[in-house]
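Asks: Below is protein27.cif; it holds mmCIF, C-alpha atoms and all ligand atoms.
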data_target
loop_
_atom_site.label_atom_id
_atom_site.label_comp_id
_atom_site.auth_asym_id
_atom_site.auth_seq_id
_atom_site.Cartn_x
_atom_site.Cartn_y
_atom_site.Cartn_z
CA MET Y 1 135.87 85.44 122.33
CA ILE Y 2 133.12 83.26 123.80
CA SER Y 3 131.15 81.14 121.33
CA THR Y 4 127.78 81.02 123.08
CA ILE Y 5 125.97 82.92 125.82
CA GLU Y 6 124.90 80.79 128.81
CA THR Y 7 125.00 83.40 131.56
CA ALA Y 8 124.02 87.07 131.58
CA ALA Y 9 123.64 90.10 133.81
CA VAL Y 10 121.05 92.84 133.35
CA ILE Y 11 122.02 96.16 134.91
CA GLY Y 12 119.03 98.39 135.56
CA ALA Y 13 116.07 96.21 136.51
CA GLY Y 14 113.38 98.75 135.64
CA TYR Y 15 110.69 98.48 133.02
CA MET Y 16 112.90 97.33 130.14
CA GLY Y 17 115.70 95.61 132.05
CA GLY Y 18 113.18 93.60 134.03
CA GLY Y 19 111.40 92.36 130.91
CA ILE Y 20 114.69 91.57 129.18
CA ALA Y 21 115.85 89.59 132.24
CA GLN Y 22 112.56 87.62 132.29
CA SER Y 23 112.87 86.84 128.58
CA LEU Y 24 116.46 85.61 128.81
CA ALA Y 25 115.80 83.61 132.00
CA ALA Y 26 112.78 81.95 130.37
CA ALA Y 27 115.11 80.88 127.54
CA GLY Y 28 117.32 78.99 130.01
CA ILE Y 29 120.01 81.64 130.39
CA VAL Y 30 121.10 82.27 133.99
CA VAL Y 31 120.54 86.00 134.52
CA THR Y 32 121.81 88.08 137.42
CA LEU Y 33 120.15 91.41 138.11
CA ALA Y 34 121.54 94.57 139.64
CA ASP Y 35 119.86 97.93 140.05
CA VAL Y 36 120.87 101.15 141.77
CA SER Y 37 120.93 99.50 145.23
CA ALA Y 38 120.58 96.01 146.70
CA GLU Y 39 117.14 96.98 147.98
CA ALA Y 40 116.00 98.16 144.53
CA THR Y 41 117.30 94.92 142.99
CA ALA Y 42 115.53 92.76 145.58
CA ASN Y 43 112.25 94.61 144.95
CA ALA Y 44 112.67 94.26 141.19
CA LEU Y 45 113.32 90.54 141.48
CA LYS Y 46 110.18 90.08 143.60
CA ARG Y 47 108.13 92.07 141.10
CA LEU Y 48 109.47 90.11 138.12
CA LEU Y 49 108.69 86.73 139.71
CA ARG Y 50 105.20 87.89 140.70
CA GLU Y 51 104.57 89.23 137.19
CA ALA Y 52 105.86 86.02 135.59
CA ALA Y 53 103.39 83.98 137.66
CA GLU Y 54 100.56 86.35 136.67
CA PHE Y 55 101.53 86.18 132.99
CA GLU Y 56 101.64 82.39 133.12
CA ALA Y 57 98.27 82.22 134.92
CA GLN Y 58 96.78 84.47 132.22
CA GLY Y 59 98.17 82.19 129.51
CA LEU Y 60 100.53 84.92 128.28
CA PHE Y 61 103.70 82.97 129.17
CA PRO Y 62 103.98 79.25 128.31
CA ALA Y 63 103.29 76.73 131.08
CA GLY Y 64 106.40 76.16 133.20
CA SER Y 65 107.85 79.65 132.50
CA THR Y 66 107.61 80.85 136.09
CA GLU Y 67 109.51 77.83 137.36
CA LYS Y 68 112.20 78.40 134.74
CA ILE Y 69 112.40 82.14 135.41
CA THR Y 70 112.54 81.56 139.18
CA ALA Y 71 115.38 79.07 138.74
CA ASN Y 72 117.38 81.27 136.36
CA LEU Y 73 116.86 84.80 137.68
CA ARG Y 74 119.38 85.75 140.38
CA PHE Y 75 119.96 88.69 142.71
CA ALA Y 76 123.28 90.52 143.12
CA GLU Y 77 124.26 93.02 145.81
CA SER Y 78 126.01 95.27 143.28
CA ILE Y 79 126.77 95.81 139.60
CA GLU Y 80 130.27 94.42 140.21
CA GLU Y 81 128.93 91.20 141.72
CA ALA Y 82 126.35 90.77 138.96
CA VAL Y 83 128.77 91.06 136.05
CA ARG Y 84 131.82 89.31 137.56
CA ASP Y 85 131.56 86.01 135.72
CA VAL Y 86 128.93 86.22 132.98
CA ASP Y 87 129.07 85.86 129.20
CA PHE Y 88 126.76 88.75 128.35
CA ILE Y 89 125.80 91.99 130.09
CA GLU Y 90 122.85 94.17 129.05
CA GLU Y 91 122.79 97.73 130.36
CA ALA Y 92 119.26 99.11 130.75
CA VAL Y 93 119.70 102.19 132.96
CA PRO Y 94 118.05 105.56 132.11
CA GLU Y 95 118.64 107.19 128.72
CA VAL Y 96 121.10 109.71 130.18
CA PRO Y 97 124.62 109.51 128.69
CA ALA Y 98 126.34 110.41 132.00
CA ILE Y 99 124.51 107.60 133.87
CA LYS Y 100 125.20 105.10 131.09
CA HIS Y 101 128.90 106.08 130.96
CA GLU Y 102 129.29 105.64 134.71
CA VAL Y 103 127.49 102.27 134.70
CA LEU Y 104 129.42 101.02 131.66
CA ARG Y 105 132.72 101.97 133.35
CA ARG Y 106 131.75 100.00 136.45
CA ILE Y 107 130.65 97.04 134.32
CA CYS Y 108 133.95 97.01 132.41
CA ALA Y 109 136.05 97.29 135.55
CA ALA Y 110 134.44 94.17 137.02
CA ALA Y 111 133.45 91.99 134.04
CA ARG Y 112 135.56 89.37 132.28
CA PRO Y 113 137.44 90.94 129.34
CA ASP Y 114 135.68 88.53 126.95
CA ALA Y 115 132.15 89.30 128.21
CA ILE Y 116 129.95 90.81 125.49
CA ILE Y 117 128.35 94.08 126.61
CA GLY Y 118 125.06 95.33 125.15
CA THR Y 119 123.19 98.56 125.75
CA ASN Y 120 119.42 98.88 125.49
CA THR Y 121 119.65 102.56 124.55
CA SER Y 122 116.70 103.73 122.42
CA THR Y 123 118.51 106.45 120.53
CA LEU Y 124 122.16 106.98 121.53
CA PRO Y 125 124.73 105.93 118.92
CA VAL Y 126 127.32 103.34 119.96
CA LYS Y 127 130.00 105.99 119.34
CA ILE Y 128 128.58 108.10 122.18
CA LEU Y 129 128.68 105.21 124.67
CA ALA Y 130 131.73 103.22 123.48
CA PRO Y 131 134.32 105.62 125.02
CA ALA Y 132 133.20 104.34 128.45
CA VAL Y 133 133.86 100.71 127.47
CA SER Y 134 137.22 98.97 127.71
CA ASN Y 135 137.73 96.47 124.86
CA PRO Y 136 134.99 98.18 122.78
CA GLU Y 137 135.19 95.35 120.23
CA ARG Y 138 132.76 93.44 122.54
CA PHE Y 139 130.29 96.34 122.80
CA LEU Y 140 127.10 96.87 120.78
CA THR Y 141 123.50 98.05 121.08
CA VAL Y 142 120.97 95.30 121.75
CA HIS Y 143 117.73 97.28 121.63
CA PHE Y 144 114.65 95.46 122.89
CA SER Y 145 111.18 96.96 122.43
CA ASN Y 146 108.53 97.77 125.00
CA PRO Y 147 107.00 95.60 126.49
CA ALA Y 148 110.15 93.48 126.34
CA PRO Y 149 108.55 90.16 127.40
CA PHE Y 150 106.15 90.27 124.45
CA ILE Y 151 107.64 92.22 121.52
CA PRO Y 152 109.79 89.88 119.43
CA GLY Y 153 112.04 92.25 117.46
CA VAL Y 154 115.46 93.46 118.65
CA GLU Y 155 117.63 96.02 116.85
CA LEU Y 156 121.37 95.42 116.87
CA VAL Y 157 123.83 98.24 116.28
CA ALA Y 158 127.54 97.61 115.90
CA GLY Y 159 129.92 100.52 116.43
CA GLU Y 160 133.14 101.23 114.55
CA ALA Y 161 135.13 99.11 116.99
CA THR Y 162 132.62 96.25 117.41
CA ASP Y 163 134.04 92.88 116.33
CA PRO Y 164 131.65 91.48 113.67
CA ALA Y 165 132.06 88.05 115.34
CA VAL Y 166 129.99 89.34 118.29
CA ILE Y 167 126.85 89.72 116.16
CA PRO Y 168 126.11 86.02 115.45
CA ILE Y 169 126.72 85.15 119.12
CA VAL Y 170 124.15 87.73 120.26
CA LYS Y 171 121.75 86.73 117.47
CA ASP Y 172 121.96 83.13 118.61
CA MET Y 173 121.09 84.16 122.20
CA LEU Y 174 118.14 86.19 120.93
CA ARG Y 175 116.96 83.33 118.71
CA ARG Y 176 116.95 81.01 121.74
CA ALA Y 177 114.85 83.63 123.53
CA GLY Y 178 112.34 83.58 120.66
CA ARG Y 179 113.46 86.95 119.31
CA SER Y 180 114.11 88.07 115.76
CA SER Y 181 116.89 90.58 115.25
CA ALA Y 182 118.23 92.86 112.54
CA GLN Y 183 121.47 94.81 112.43
CA VAL Y 184 121.44 98.48 111.45
CA ALA Y 185 124.09 101.22 111.14
CA ASP Y 186 125.27 103.40 114.01
CA VAL Y 187 123.10 106.50 113.62
CA PRO Y 188 120.98 108.33 116.23
CA GLY Y 189 117.54 106.72 116.66
CA PHE Y 190 118.53 103.66 114.56
CA VAL Y 191 115.61 102.44 112.38
CA LEU Y 192 112.73 101.61 114.74
CA ASN Y 193 112.52 104.97 116.49
CA ARG Y 194 113.34 106.97 113.36
CA LEU Y 195 110.32 105.45 111.60
CA GLN Y 196 108.12 105.61 114.68
CA TYR Y 197 108.96 109.24 115.34
CA VAL Y 198 108.41 110.24 111.71
CA LEU Y 199 104.94 108.66 111.89
CA LEU Y 200 104.19 110.48 115.16
CA LYS Y 201 105.49 113.78 113.80
CA GLU Y 202 103.43 113.55 110.61
CA SER Y 203 100.40 112.48 112.67
CA ASN Y 204 100.87 115.60 114.83
CA SER Y 205 101.08 117.78 111.72
CA ILE Y 206 97.80 116.28 110.47
CA VAL Y 207 96.04 117.03 113.77
CA GLU Y 208 97.58 120.52 114.03
CA ALA Y 209 96.33 121.30 110.49
CA GLY Y 210 92.81 120.19 111.46
CA ILE Y 211 92.77 117.38 108.88
CA ALA Y 212 91.67 114.73 111.40
CA THR Y 213 91.45 114.28 115.14
CA ALA Y 214 94.09 112.27 117.03
CA ARG Y 215 91.56 109.47 117.56
CA ASP Y 216 90.60 109.37 113.90
CA VAL Y 217 94.26 109.28 112.86
CA ASP Y 218 94.71 106.29 115.16
CA VAL Y 219 91.64 104.54 113.73
CA ILE Y 220 93.01 104.97 110.20
CA VAL Y 221 96.53 103.84 111.12
CA ARG Y 222 95.55 100.67 112.95
CA SER Y 223 92.69 99.63 110.68
CA THR Y 224 94.36 100.26 107.29
CA PHE Y 225 98.11 100.15 106.69
CA GLY Y 226 98.89 99.28 110.32
CA PHE Y 227 96.77 96.17 109.89
CA ARG Y 228 99.35 94.88 107.38
CA LEU Y 229 102.48 95.68 109.35
CA PRO Y 230 102.73 92.52 111.52
CA PHE Y 231 103.14 90.58 108.27
CA PHE Y 232 104.83 92.90 105.79
CA GLY Y 233 107.13 95.93 106.09
CA PRO Y 234 106.85 99.00 103.86
CA PHE Y 235 109.11 97.59 101.14
CA ALA Y 236 107.19 94.31 100.84
CA ILE Y 237 103.90 96.23 100.83
CA ALA Y 238 105.16 98.49 98.02
CA ASP Y 239 106.46 95.50 96.02
CA MET Y 240 103.05 93.86 96.34
CA ALA Y 241 101.07 97.01 95.48
CA GLY Y 242 103.21 98.03 92.48
CA LEU Y 243 106.14 100.43 92.49
CA ASP Y 244 104.82 102.28 89.41
CA ILE Y 245 101.65 103.04 91.39
CA TYR Y 246 103.68 104.28 94.34
CA ALA Y 247 105.80 106.50 92.07
CA ALA Y 248 102.63 108.00 90.57
CA CYS Y 249 101.20 108.65 94.05
CA PHE Y 250 104.42 110.32 95.18
CA LYS Y 251 103.88 112.81 92.34
CA THR Y 252 100.69 114.01 94.07
CA PHE Y 253 102.55 114.34 97.36
CA GLU Y 254 105.47 116.13 95.74
CA ASP Y 255 103.12 118.62 94.04
CA ALA Y 256 101.37 119.31 97.35
CA PHE Y 257 104.23 119.14 99.87
CA GLY Y 258 107.40 119.70 97.82
CA GLU Y 259 110.78 118.04 98.27
CA ARG Y 260 109.88 116.66 101.73
CA LEU Y 261 107.54 114.09 100.13
CA ALA Y 262 109.15 113.81 96.71
CA THR Y 263 109.57 110.40 95.03
CA PRO Y 264 112.52 108.68 96.75
CA ALA Y 265 115.56 108.13 94.50
CA LEU Y 266 115.65 104.39 95.25
CA LEU Y 267 112.01 103.92 94.20
CA LYS Y 268 112.47 106.12 91.13
CA SER Y 269 115.51 104.16 89.91
CA LEU Y 270 113.61 100.84 90.21
CA VAL Y 271 110.64 102.21 88.29
CA ASP Y 272 112.94 103.74 85.64
CA ASP Y 273 114.44 100.24 85.19
CA GLY Y 274 110.96 98.72 84.69
CA LYS Y 275 111.03 97.06 88.12
CA PHE Y 276 107.50 97.45 89.43
CA GLY Y 277 107.57 94.85 92.21
CA VAL Y 278 105.88 91.45 92.22
CA LYS Y 279 103.90 92.15 89.05
CA SER Y 280 107.04 92.69 86.95
CA GLY Y 281 109.08 90.04 88.77
CA ASP Y 282 111.62 92.46 90.30
CA GLY Y 283 111.54 95.17 92.96
CA PHE Y 284 112.87 96.23 96.38
CA TYR Y 285 113.19 92.55 97.31
CA GLY Y 286 115.08 91.68 94.09
CA LYS Y 287 113.84 89.03 91.68
CA PHE Y 288 110.66 87.11 92.52
CA GLU Y 289 109.89 83.48 91.67
CA PRO Y 290 107.26 83.25 88.90
CA ASP Y 291 104.57 81.94 91.27
CA MET Y 292 105.31 84.50 94.02
CA ALA Y 293 102.22 86.63 93.33
CA ALA Y 294 99.85 83.71 93.92
CA LYS Y 295 101.73 82.55 97.03
CA LEU Y 296 101.72 86.06 98.49
CA VAL Y 297 98.03 86.63 97.84
CA ALA Y 298 97.18 83.32 99.56
CA TYR Y 299 99.36 84.16 102.58
CA ARG Y 300 98.15 87.76 102.73
CA ASN Y 301 94.48 86.83 102.63
CA LYS Y 302 94.93 84.26 105.37
CA ALA Y 303 96.98 86.66 107.50
CA TYR Y 304 94.50 89.52 107.27
CA ALA Y 305 91.48 87.29 107.85
CA ARG Y 306 93.16 85.80 110.97
CA MET Y 307 94.11 89.29 112.14
CA ALA Y 308 90.47 90.36 111.87
CA GLN Y 309 89.43 87.29 113.88
CA LEU Y 310 92.03 88.03 116.58
CA LEU Y 311 90.87 91.63 116.92
CA GLU Y 312 87.25 90.46 117.10
CA GLU Y 313 88.16 87.95 119.81
CA LEU Y 314 90.15 90.50 121.86
CA GLY Y 315 87.58 93.26 121.48
CA PRO Y 316 88.44 96.97 121.46
CA SER Y 317 91.26 98.33 123.61
CA PRO Y 318 90.14 100.20 126.75
CA LEU Y 319 90.83 103.44 124.84
CA ASP Y 320 88.16 102.57 122.28
CA GLU Y 321 85.47 100.91 124.39
N1 LIG K 1 110.54 102.39 128.16
C1 LIG K 1 110.61 102.12 126.85
O1 LIG K 1 109.60 102.14 126.12
C2 LIG K 1 111.93 101.74 126.23
C3 LIG K 1 111.95 101.00 125.06
C4 LIG K 1 113.18 100.61 124.51
C5 LIG K 1 114.36 101.02 125.12
N2 LIG K 1 114.31 101.76 126.26
C6 LIG K 1 115.58 102.14 126.89
O2 LIG K 1 115.86 101.25 127.96
C7 LIG K 1 116.61 101.94 128.97
C8 LIG K 1 115.89 101.80 130.30
O3 LIG K 1 114.60 102.38 130.17
P1 LIG K 1 113.39 101.94 131.12
O4 LIG K 1 112.14 102.40 130.45
O5 LIG K 1 113.54 100.53 131.53
O6 LIG K 1 113.68 102.89 132.39
P2 LIG K 1 113.32 102.61 133.92
O7 LIG K 1 113.41 103.95 134.58
O8 LIG K 1 112.07 101.82 134.07
O9 LIG K 1 114.52 101.69 134.42
C9 LIG K 1 115.82 102.15 134.62
C10 LIG K 1 116.38 101.38 135.82
O10 LIG K 1 117.74 101.73 135.97
C11 LIG K 1 118.00 101.84 137.35
N3 LIG K 1 119.19 102.67 137.54
C12 LIG K 1 119.31 104.01 137.49
N4 LIG K 1 120.59 104.37 137.73
C13 LIG K 1 121.28 103.22 137.92
C14 LIG K 1 122.63 102.93 138.24
N5 LIG K 1 123.52 103.91 138.36
N6 LIG K 1 122.99 101.64 138.39
C15 LIG K 1 122.08 100.63 138.26
N7 LIG K 1 120.78 100.85 137.98
C16 LIG K 1 120.39 102.13 137.81
C17 LIG K 1 116.74 102.49 137.92
O11 LIG K 1 116.64 102.30 139.33
C18 LIG K 1 115.66 101.74 137.13
O12 LIG K 1 115.25 100.55 137.79
C19 LIG K 1 116.77 103.37 128.47
O13 LIG K 1 117.99 103.50 127.79
C20 LIG K 1 115.60 103.52 127.52
O14 LIG K 1 115.80 104.53 126.55
C21 LIG K 1 113.13 102.11 126.85
#
Re-express the file's structure as structure tokens.

Replies:
Amino acid sequence: MISTIETAAVIGAGYMGGGIAQSLAAAGIVVTLADVSAEATANALKRLLREAAEFEAQGLFPAGSTEKITANLRFAESIEEAVRDVDFIEEAVPEVPAIKHEVLRRICAAARPDAIIGTNTSTLPVKILAPAVSNPERFLTVHFSNPAPFIPGVELVAGEATDPAVIPIVKDMLRRAGRSSAQVADVPGFVLNRLQYVLLKESNSIVEAGIATARDVDVIVRSTFGFRLPFFGPFAIADMAGLDIYAACFKTFEDAFGERLATPALLKSLVDDGKFGVKSGDGFYGKFEPDMAAKLVAYRNKAYARMAQLLEELGPSPLDE
């Protein structure tokens, strides 16, 4: 097993693969690209270098990024050539199991046996893709978000056969690329898309029932609870608001919508144990330090005030002008 990732290949240099390749190259990792043909790869490489220069000129990439990306991003004639001698390979071809299987087989036939192989699949469990991988102990999902050059979070999914030792090596690579990562279990849709799709589904139900328009739903999401989400996830928000309050609110939902929106068992058991979040000193996050409430309020106020300033400075999105 390798101990650190210095070289990588990205297979599928489209929207996601291209952004992933830029991000890794900017972090000093030598990245070789391969797409469906040498011509497609050459075009992708040109596009990525042009984009990097534009992003740097617009102040979106740090000064010197284009030079670094140009030095570290390489072209390969084929998948086989790209993966031949690299530490890490990220597959980012279309979300079609047959295409991914075929590409993973070609990767495995040509790569070093100790190369770690990641897939950028959005929804497919590792167990669906792993049968195409030889030495599946080096295979896992490394799921970047769109747009890959700018979104920091990456979901990691280990399959049944994945060697746990692979995880810290990939996490270290992601950390060097300025990414945060979290490991989740091998289920369809993982965590990110499961939550995102539930929100979209419920939003659709609201519009279909005539409760609000799509635009008004979006206004509410981004200007109320969405405003908090860059800083706190749903569990931290609930711990700060009070779990007893949340349990009481779920009662209203349960009465109106039945089992689908009933109080979750995990929340109920905390409340039954007198764990109400920050105010009682214990909650989803476990025990809080005695001065946590004051620290959180200070951080929260600063975060939300800065967020308001940033939105003011950027102005409305073109959809809302
Ligand atoms: N677009 C998103 O918002 C998003 C977000 C997260 C994850 N993903 C996932 O990332 C993966 C890629 O999605 P995308 O949006 O970048 O798609 P895309 O269509 O932009 O890119 C796919 C690339 O793969 C190439 N390709 C197709 N067949 C190939 C083959 N046999 N060998 C080599 N290259 C081949 C295509 O030419 C294309 O450049 C998918 O699994 C997708 O679900 C997408």

Asks: As a compact mmCIF listing (two decimals) with C-alpha atoms, in the frame of the given file, please: every protein or nucleic acid residue near ligand LIG 1 (chain K) (cut-off 7 Å, counting all atoms listed in the file).

Replies:
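Saved file out-v5.txt follows:
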# COMPACT_ATOMS: atom_id res chain seq x y z
CA ILE Y 11 122.02 96.16 134.91
CA GLY Y 12 119.03 98.39 135.56
CA ALA Y 13 116.07 96.21 136.51
CA GLY Y 14 113.38 98.75 135.64
CA TYR Y 15 110.69 98.48 133.02
CA MET Y 16 112.90 97.33 130.14
CA GLY Y 17 115.70 95.61 132.05
CA ALA Y 34 121.54 94.57 139.64
CA ASP Y 35 119.86 97.93 140.05
CA VAL Y 36 120.87 101.15 141.77
CA ALA Y 40 116.00 98.16 144.53
CA ILE Y 79 126.77 95.81 139.60
CA ALA Y 92 119.26 99.11 130.75
CA VAL Y 93 119.70 102.19 132.96
CA PRO Y 94 118.05 105.56 132.11
CA GLU Y 95 118.64 107.19 128.72
CA ILE Y 99 124.51 107.60 133.87
CA VAL Y 103 127.49 102.27 134.70
CA ASN Y 120 119.42 98.88 125.49
CA THR Y 121 119.65 102.56 124.55
CA SER Y 122 116.70 103.73 122.42
CA THR Y 123 118.51 106.45 120.53
CA HIS Y 143 117.73 97.28 121.63
CA PHE Y 144 114.65 95.46 122.89
CA SER Y 145 111.18 96.96 122.43
CA ASN Y 146 108.53 97.77 125.00

Asks: Hey, can you check how far CA of Arg112 in chain Y sits from CA of Thr32 in chain Y?

Replies: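 A separation of 14.7 Å between them.
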
Asks: With distances taken over only C-alpha atoms, which of Y:Asp320, Y:Glu6, Y:Glu81, Y:Glu313 is nearest to Asp216 in chain Y?

Replies: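 With only C-alpha atoms as the atom set, the closest residue is Y:Asp320.
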
Asks: Return the single residue from Y:Val278, Y:Leu195, Y:Ala214, Y:Ala8 that is closest to Ile237 in chain Y, with distances computed using all atoms listed in the file.

Replies: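 Of Y:Val278, Y:Leu195, Y:Ala214, Y:Ala8, the one nearest Ile237 in chain Y is Y:Val278, counting all atoms listed in the file.
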
Asks: Which of these residues is nearest to Arg74 in chain Y, using only C-alpha atoms: Y:Thr41, Y:Asn301, Y:Gln196, Y:Thr141?

Replies: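 Looking only at the distances to Arg74 in chain Y, the closest residue turns out to be Y:Thr41.
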
Asks: Pick the closest to Phe55 in chain Y from Y:Glu254, Y:Leu33, Y:Leu243, Y:Gly19: which is it, counting all atoms listed in the file?

Replies: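 When distances to Phe55 in chain Y are compared using all atoms listed in the file, the smallest one comes from Y:Gly19.
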
Asks: Rounded to one decimal in Å, what is the spacing between CA of Gly118 in chain Y and CA of Glu51 in chain Y?

Replies: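 CA of Gly118 in chain Y sits 24.5 Å away from CA of Glu51 in chain Y.
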
Asks: Suppose you want the space between CA of Leu229 in chain Y and CA of Ile169 in chain Y; what is it in Å?

Replies: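 Taking CA of Leu229 in chain Y as the start and CA of Ile169 in chain Y as the end point, the length is 28.2 Å.
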
Asks: Mind running range 170-235 of chain Y against range 125-134 of chain Y at 8 Å and telling me each contacting residue's nearest atom pair with the distance in Å (one decimal), counting all atoms listed in the file, chain and number ascending, as JSON lines?

Replies:
{"residue": "Y:Asp186", "atom": "CA", "partner": "Y:Pro125", "partner_atom": "CA", "distance": 5.5}
{"residue": "Y:Val187", "atom": "CA", "partner": "Y:Pro125", "partner_atom": "CA", "distance": 5.6}
{"residue": "Y:Pro188", "atom": "CA", "partner": "Y:Pro125", "partner_atom": "CA", "distance": 5.2}
{"residue": "Y:Gly189", "atom": "CA", "partner": "Y:Pro125", "partner_atom": "CA", "distance": 7.6}
{"residue": "Y:Phe190", "atom": "CA", "partner": "Y:Pro125", "partner_atom": "CA", "distance": 7.9}

Asks: Report, as AutoDock Vina command-line options, the axis-aligned box around all atoms of range 64-73 of chain Y present in the file, extended by 5 Å on each side; give centre and edge lengths in Å to one decimal place.

Replies:
--center_x 111.9 --center_y 80.5 --center_z 135.8 --size_x 21.0 --size_y 18.6 --size_z 16.7

Asks: Which of these residues is nearest to Phe225 in chain Y, using only C-alpha atoms: Y:Ala238, Y:Tyr285, Y:Ser78, Y:Leu60?

Replies: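 Closest candidate: Y:Ala238.
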
Asks: Using all atoms listed in the file, find the one residue out of Y:Lys171, Y:Lys268, Y:Arg176, Y:Lys302 that sits nearest to Ile29 in chain Y.

Replies: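 The shortest atom-to-atom distance to Ile29 in chain Y comes from Y:Arg176.
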
Asks: For Thr7 in chain Y, find every residue with an atom within 7 Å (counting all atoms listed in the file), except residues of its own chain fewer than 5 positions away, and show them as a list in words.

Replies: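 Everything that qualifies: Ile29, Val30, Val31, Val86, Asp87 and Phe88 of chain Y.
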
Asks: Include C-alpha atoms and write out the residues we just selected as a compact mmCIF listing (two decimals), in the coordinates of the input.

Replies:
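So the final result, stored in again-v5.txt, reads:
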# COMPACT_ATOMS: atom_id res chain seq x y z
CA ILE Y 29 120.01 81.64 130.39
CA VAL Y 30 121.10 82.27 133.99
CA VAL Y 31 120.54 86.00 134.52
CA VAL Y 86 128.93 86.22 132.98
CA ASP Y 87 129.07 85.86 129.20
CA PHE Y 88 126.76 88.75 128.35
